[in-house]
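**Q** What follows is a single structure, and I will ask about it in a moment.
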Amino acid sequence: MKYIEFDNSKEFDLILLGRVAVDLNPVDYYCPLNESTTFKRYLGGSPANIAVGLARLGKKVGFFARVSDDQFGTFVTDFFENEGIDTSHIKRCKNGEKIGLTFTEIKSETESSIVMYRNEAADLKLDVEDIDEEYIKRGKALLISGTALAESPSREAALKAAALAKKNSIPIIFDIDYRAYNWKNDDEIAIYYSSVAKDADIILGSREEYDLTQKLIKQGMNDIETAKYWHNQNAKIVIIKHGKEGSTAYTDDGESYSIKPFPIKLLKSFGGGDGYASAFLYGLFEGWEIIDCLEFGSASASMLVASHACSQDMPTVDAVKEFIKKEKEEYGELIARV
């Protein structure tokens with residue numbers, strides 16, 4: 001059953017808005033960050049990773065962003081262009097703001113962390129003037145990343161984009177994407193997250209992220225109550241993730257579909273969510289059943305946490321299908337399905 005109808009006459013499958021950054025991942029991993037000496041540079045930022053993931057899966061992608069007016073800004077825009085992502089609405093900052101940097105720490109197979117440098121971050125300088133209604137109308141859907149709501153003027157730009165998408169009957173996807181950096185307090189988080197979530201057609205987040213979003217609405221909701229609340233707003237699909245325990249997609253007809261992670265030798269604990277989102281959305285754009293979208297997303301997530309990079313290691317359709325095939329041959333047909 002299709003829960004969302006996408007206009008296949010549109011030029012772009014998805015237009016995203018939010019963080020474009022640079023990740024620095026240690027090569028000498030399995031040690032604390034203070035002992036790491038060598039790093040590999042990658043394009044980073046959750047919405048940027050999702051954009052690359054969808055492009056690798058053969059979808060046409062556009063993006064609203066601000067990047068630094070320096071060689072890092074050139075690096076990320078060149079990376080996007082090499083992946084076939086439209087960069088016509090990625091603009092350079094003019095006042096010396098720098099692109100966000102993320103240093104990652106891979107202590108062990110089960111323990112990873114990230115350290116972000118986001119003072120005067122370029123992506124948070126996205127302005128309302130940067131938001132072009134005609135560009136939004138060229139997409140089948142718009143994805144808003146919650147990090148874009150952390151600070152002005154980016155938050156107003158995100159809210160404008162969401163309003164224009166709603167005005168033009170373009171589905172809104174809200175990836176809550178909580179990062180503690182740049183937020184002043186939990187009330188502020190709840191105000192801006194809920195303002196986008198109430199108009200979103202698809203919401204993706206962890207249990208913690210939904211709790212933050214709902215803080216000023218009602219605390220202590222369980223997953224079913226959370227899904228019902230957002231279905232009563234506008235959402236057609238509410239995805240709630242529980243890390244190693246798997247995730248469930250709740251649909252507005254009262255159904256739910258659950259998936260578990262595919263078994264994998266873990267290298268890092270970050271990046272999986274972006275692979276999951278891009279592959280799940282790919283399935284939706286292809287018109288697949290929800291459980292098949294979830295399986296594809298779960299497979300991509302497992303592939304990403306087993307790899308060193310995020311954006312650089314986003315898989316192709318054939319690679320994901322081959323991964324699923326091998327996993328099922330080894331562990332059984334229903335290995336990831338609950």
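We name chains A, B, ... following the order of the structure tokens; residues begin at 1 in each chain, and ligands are numbered from 1 as shown.
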List the spatial neighbours of Leu16 (chain A) as a VMD selection string - criterion: any atom at most 8 Å away, only C-alpha atoms, same-chain residues fewer than 5 positions off excluded.
**A** chain A and resid 47 51 61 to 64 142 to 145
**Q** Pull N, CA and C atoms from the residues just selected and write them as a PDB file, in the first residue's frame.
**A**
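This went into result_2.pdb:
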```pdb
ATOM      1  N   PRO A  47      22.120  15.403   6.651  1.00  0.00           N
ATOM      2  CA  PRO A  47      21.391  15.566   5.386  1.00  0.00           C
ATOM      3  C   PRO A  47      22.285  15.441   4.167  1.00  0.00           C
ATOM      4  N   ALA A  51      21.764  12.799   1.177  1.00  0.00           N
ATOM      5  CA  ALA A  51      21.757  13.225  -0.227  1.00  0.00           C
ATOM      6  C   ALA A  51      22.683  12.344  -1.066  1.00  0.00           C
ATOM      7  N   VAL A  61      18.868  14.519  -6.854  1.00  0.00           N
ATOM      8  CA  VAL A  61      18.833  15.216  -5.565  1.00  0.00           C
ATOM      9  C   VAL A  61      19.240  16.675  -5.727  1.00  0.00           C
ATOM     10  N   GLY A  62      18.526  17.552  -4.995  1.00  0.00           N
ATOM     11  CA  GLY A  62      18.889  18.965  -4.885  1.00  0.00           C
ATOM     12  C   GLY A  62      19.128  19.317  -3.427  1.00  0.00           C
ATOM     13  N   PHE A  63      19.669  20.506  -3.165  1.00  0.00           N
ATOM     14  CA  PHE A  63      20.077  20.833  -1.796  1.00  0.00           C
ATOM     15  C   PHE A  63      20.082  22.344  -1.570  1.00  0.00           C
ATOM     16  N   PHE A  64      19.551  22.760  -0.390  1.00  0.00           N
ATOM     17  CA  PHE A  64      19.715  24.130   0.102  1.00  0.00           C
ATOM     18  C   PHE A  64      20.780  24.109   1.198  1.00  0.00           C
ATOM     19  N   LEU A 142      10.499  17.337   0.146  1.00  0.00           N
ATOM     20  CA  LEU A 142      11.488  18.192   0.807  1.00  0.00           C
ATOM     21  C   LEU A 142      11.876  17.552   2.127  1.00  0.00           C
ATOM     22  N   LEU A 143      13.171  17.439   2.388  1.00  0.00           N
ATOM     23  CA  LEU A 143      13.643  16.932   3.669  1.00  0.00           C
ATOM     24  C   LEU A 143      14.259  18.063   4.477  1.00  0.00           C
ATOM     25  N   ILE A 144      13.756  18.228   5.704  1.00  0.00           N
ATOM     26  CA  ILE A 144      14.291  19.193   6.659  1.00  0.00           C
ATOM     27  C   ILE A 144      15.049  18.434   7.733  1.00  0.00           C
ATOM     28  N   SER A 145      16.290  18.838   7.976  1.00  0.00           N
ATOM     29  CA  SER A 145      17.078  18.247   9.059  1.00  0.00           C
ATOM     30  C   SER A 145      16.925  19.093  10.312  1.00  0.00           C
TER      31      SER A 145
END
```
**Q** Identify, with DSSP run on backbone atoms, the residues in region 134-260 of chain A assigned to strand (DSSP E or B), and express the list as number ranges by chain.
**A** A: 139, 142-145, 172-175, 202-206, 237-241, 247-251, 256-259
**Q** Could you turn the residues from that selection into a file that holds C-alpha atoms, as a PDB file, in the first residue's frame?
**A**
```
ATOM      1  CA  GLY A 139      11.101  18.317  -6.084  1.00  0.00           C
ATOM      2  CA  LEU A 142      11.488  18.192   0.807  1.00  0.00           C
ATOM      3  CA  LEU A 143      13.643  16.932   3.669  1.00  0.00           C
ATOM      4  CA  ILE A 144      14.291  19.193   6.659  1.00  0.00           C
ATOM      5  CA  SER A 145      17.078  18.247   9.059  1.00  0.00           C
ATOM      6  CA  ILE A 172       7.726  17.081   3.930  1.00  0.00           C
ATOM      7  CA  ILE A 173      10.186  14.642   5.477  1.00  0.00           C
ATOM      8  CA  PHE A 174      11.485  15.596   8.915  1.00  0.00           C
ATOM      9  CA  ASP A 175      14.693  13.895  10.045  1.00  0.00           C
ATOM     10  CA  ILE A 202       7.234  11.401   7.256  1.00  0.00           C
ATOM     11  CA  ILE A 203       9.107  11.723  10.563  1.00  0.00           C
ATOM     12  CA  LEU A 204      12.282   9.813  11.393  1.00  0.00           C
ATOM     13  CA  GLY A 205      13.863   9.818  14.837  1.00  0.00           C
ATOM     14  CA  SER A 206      15.049   7.895  17.857  1.00  0.00           C
ATOM     15  CA  ILE A 237       4.619   7.445   8.363  1.00  0.00           C
ATOM     16  CA  VAL A 238       6.311   7.745  11.768  1.00  0.00           C
ATOM     17  CA  ILE A 239       9.587   5.861  12.176  1.00  0.00           C
ATOM     18  CA  ILE A 240      10.918   5.315  15.698  1.00  0.00           C
ATOM     19  CA  LYS A 241      14.436   3.913  16.003  1.00  0.00           C
ATOM     20  CA  SER A 247      13.107   0.222  14.404  1.00  0.00           C
ATOM     21  CA  THR A 248       9.396   0.373  13.647  1.00  0.00           C
ATOM     22  CA  ALA A 249       7.449   2.292  11.026  1.00  0.00           C
ATOM     23  CA  TYR A 250       3.935   3.237  12.134  1.00  0.00           C
ATOM     24  CA  THR A 251       1.514   4.109   9.346  1.00  0.00           C
ATOM     25  CA  SER A 256       3.172  -1.086  12.143  1.00  0.00           C
ATOM     26  CA  TYR A 257       6.203  -2.731  10.568  1.00  0.00           C
ATOM     27  CA  SER A 258       9.377  -3.629  12.456  1.00  0.00           C
ATOM     28  CA  ILE A 259      12.909  -4.452  11.412  1.00  0.00           C
TER      29      ILE A 259
END
```
**Q** I want to know what sits within 7 Å of Leu124 (chain A), based on only C-alpha atoms, with residues of the same chain fewer than 3 positions away left out; could you give that as a ChimeraX atom specification?
**A** /A:121,148,151-154
**Q** So which residues touch region 262-274 of chain A within 8 Å, counting only C-alpha atoms, skipping near sequence neighbours fewer than 3 positions away, as a ChimeraX atom specification?
**A** /A:46-47,49-50,53,106,108-113,277-278,298-310,327,335-336
**Q** Given only C-alpha atoms as the basis, pick out the residue of A:Gly332, A:Asp69, A:Leu54, A:Thr147 nearest to Gly297 (chain A).
**A**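 Using only C-alpha atoms, the shortest distance to Gly297 (chain A) belongs to A:Leu54.
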**Q** Please run DSSP on the backbone and report, as a PyMOL selection string, all residues within region 104-316 of chain A that come out as helix (DSSP H, G or I).
**A** chain A and resi 122-125+128-130+133-136+146-149+154-167+186-197+207-213+223-233+243-245+272-286+290-305+311-313
**Q** Could you turn the residues from that selection into a file that holds C-alpha atoms, as a CSV table (one decimal), in the first residue's frame?
**A**
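selection-v1.csv written:
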```csv
chain,number,residue,atom,x,y,z
A,122,ALA,CA,28.5,28.0,7.9
A,123,ASP,CA,25.4,25.8,7.5
A,124,LEU,CA,23.6,27.8,10.2
A,125,LYS,CA,23.9,30.9,8.1
A,128,VAL,CA,15.4,33.1,4.2
A,129,GLU,CA,16.5,34.8,1.1
A,130,ASP,CA,18.3,31.6,0.0
A,133,GLU,CA,9.9,28.5,-4.0
A,134,GLU,CA,10.4,27.6,-7.6
A,135,TYR,CA,13.3,25.3,-6.7
A,136,ILE,CA,11.2,23.6,-4.0
A,146,GLY,CA,16.4,19.2,12.7
A,147,THR,CA,19.9,20.6,13.1
A,148,ALA,CA,19.0,23.4,10.7
A,149,LEU,CA,16.5,24.6,13.4
A,154,SER,CA,18.9,28.8,9.5
A,155,ARG,CA,15.8,28.0,11.5
A,156,GLU,CA,13.7,30.7,9.8
A,157,ALA,CA,15.0,29.5,6.4
A,158,ALA,CA,13.9,25.9,7.3
A,159,LEU,CA,10.5,27.1,8.5
A,160,LYS,CA,10.0,29.1,5.2
A,161,ALA,CA,11.0,26.1,3.1
A,162,ALA,CA,8.5,23.9,5.0
A,163,ALA,CA,5.7,26.4,4.6
A,164,LEU,CA,6.4,26.7,0.9
A,165,ALA,CA,6.4,22.9,0.5
A,166,LYS,CA,3.1,22.7,2.3
A,167,LYS,CA,1.6,25.5,0.2
A,186,ASP,CA,15.2,21.6,25.8
A,187,ASP,CA,12.2,24.0,25.6
A,188,GLU,CA,13.8,25.7,22.5
A,189,ILE,CA,14.3,22.3,20.9
A,190,ALA,CA,10.7,21.3,21.5
A,191,ILE,CA,9.3,24.5,20.1
A,192,TYR,CA,11.1,24.3,16.8
A,193,TYR,CA,11.1,20.5,16.3
A,194,SER,CA,7.4,20.3,16.9
A,195,SER,CA,6.7,23.2,14.6
A,196,VAL,CA,8.1,21.2,11.7
A,197,ALA,CA,6.9,17.8,12.8
A,207,ARG,CA,13.0,7.5,21.0
A,208,GLU,CA,15.1,10.2,22.6
A,209,GLU,CA,14.5,12.6,19.7
A,210,TYR,CA,10.8,12.1,19.9
A,211,ASP,CA,10.9,12.8,23.7
A,212,LEU,CA,12.7,16.1,23.0
A,213,THR,CA,10.2,17.0,20.3
A,223,ASP,CA,6.0,4.5,20.8
A,224,ILE,CA,2.4,3.8,19.9
A,225,GLU,CA,1.1,7.0,21.6
A,226,THR,CA,3.8,9.0,19.9
A,227,ALA,CA,2.9,7.6,16.5
A,228,LYS,CA,-0.8,8.2,17.1
A,229,TYR,CA,-0.2,11.8,18.1
A,230,TRP,CA,1.8,12.7,15.0
A,231,HIS,CA,-0.7,10.8,12.8
A,232,ASN,CA,-3.4,13.0,14.2
A,233,GLN,CA,-1.3,16.0,13.1
A,243,GLY,CA,19.4,1.4,17.9
A,244,LYS,CA,20.5,-2.2,18.2
A,245,GLU,CA,17.0,-3.2,19.1
A,272,GLY,CA,24.1,4.0,10.1
A,273,GLY,CA,21.1,6.3,10.5
A,274,ASP,CA,21.9,8.2,7.3
A,275,GLY,CA,22.3,5.0,5.3
A,276,TYR,CA,19.0,3.9,6.7
A,277,ALA,CA,17.2,7.1,5.8
A,278,SER,CA,18.5,7.2,2.2
A,279,ALA,CA,17.7,3.6,1.5
A,280,PHE,CA,14.3,3.7,3.2
A,281,LEU,CA,13.4,6.8,1.1
A,282,TYR,CA,14.7,5.1,-2.0
A,283,GLY,CA,12.2,2.3,-1.5
A,284,LEU,CA,9.3,4.8,-0.9
A,285,PHE,CA,10.2,6.6,-4.2
A,286,GLU,CA,10.2,3.2,-5.9
A,290,ILE,CA,6.9,-0.4,3.8
A,291,ILE,CA,8.5,-3.6,5.2
A,292,ASP,CA,10.7,-3.8,2.0
A,293,CYS,CA,11.7,-0.2,2.5
A,294,LEU,CA,12.7,-0.9,6.1
A,295,GLU,CA,14.7,-4.0,5.1
A,296,PHE,CA,16.6,-2.0,2.5
A,297,GLY,CA,17.2,0.8,5.0
A,298,SER,CA,18.4,-1.6,7.7
A,299,ALA,CA,20.8,-3.3,5.3
A,300,SER,CA,22.3,0.0,4.2
A,301,ALA,CA,22.7,1.0,7.9
A,302,SER,CA,24.5,-2.2,8.7
A,303,MET,CA,26.8,-1.7,5.8
A,304,LEU,CA,27.6,1.9,6.9
A,305,VAL,CA,28.5,1.0,10.5
A,311,SER,CA,29.2,9.6,2.6
A,312,GLN,CA,32.1,8.1,0.8
A,313,ASP,CA,30.9,4.5,1.6
```
**Q** Within 9 Å of Lys10 (chain A), counting only C-alpha atoms, which residues show up once you throw out same-chain ones fewer than 5 positions away? Write them as a list in words, please.
**A**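 Surrounding residues, per the criterion: Lys137, Arg138, Gly139 and Lys140 of chain A.
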**Q** Pick from A:Ile99, A:Leu14, A:Ile176, A:Val338: nearest to Glu120 (chain A), with only C-alpha atoms counted?
**A**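 Selected residue with least distance to Glu120 (chain A): A:Ile99.
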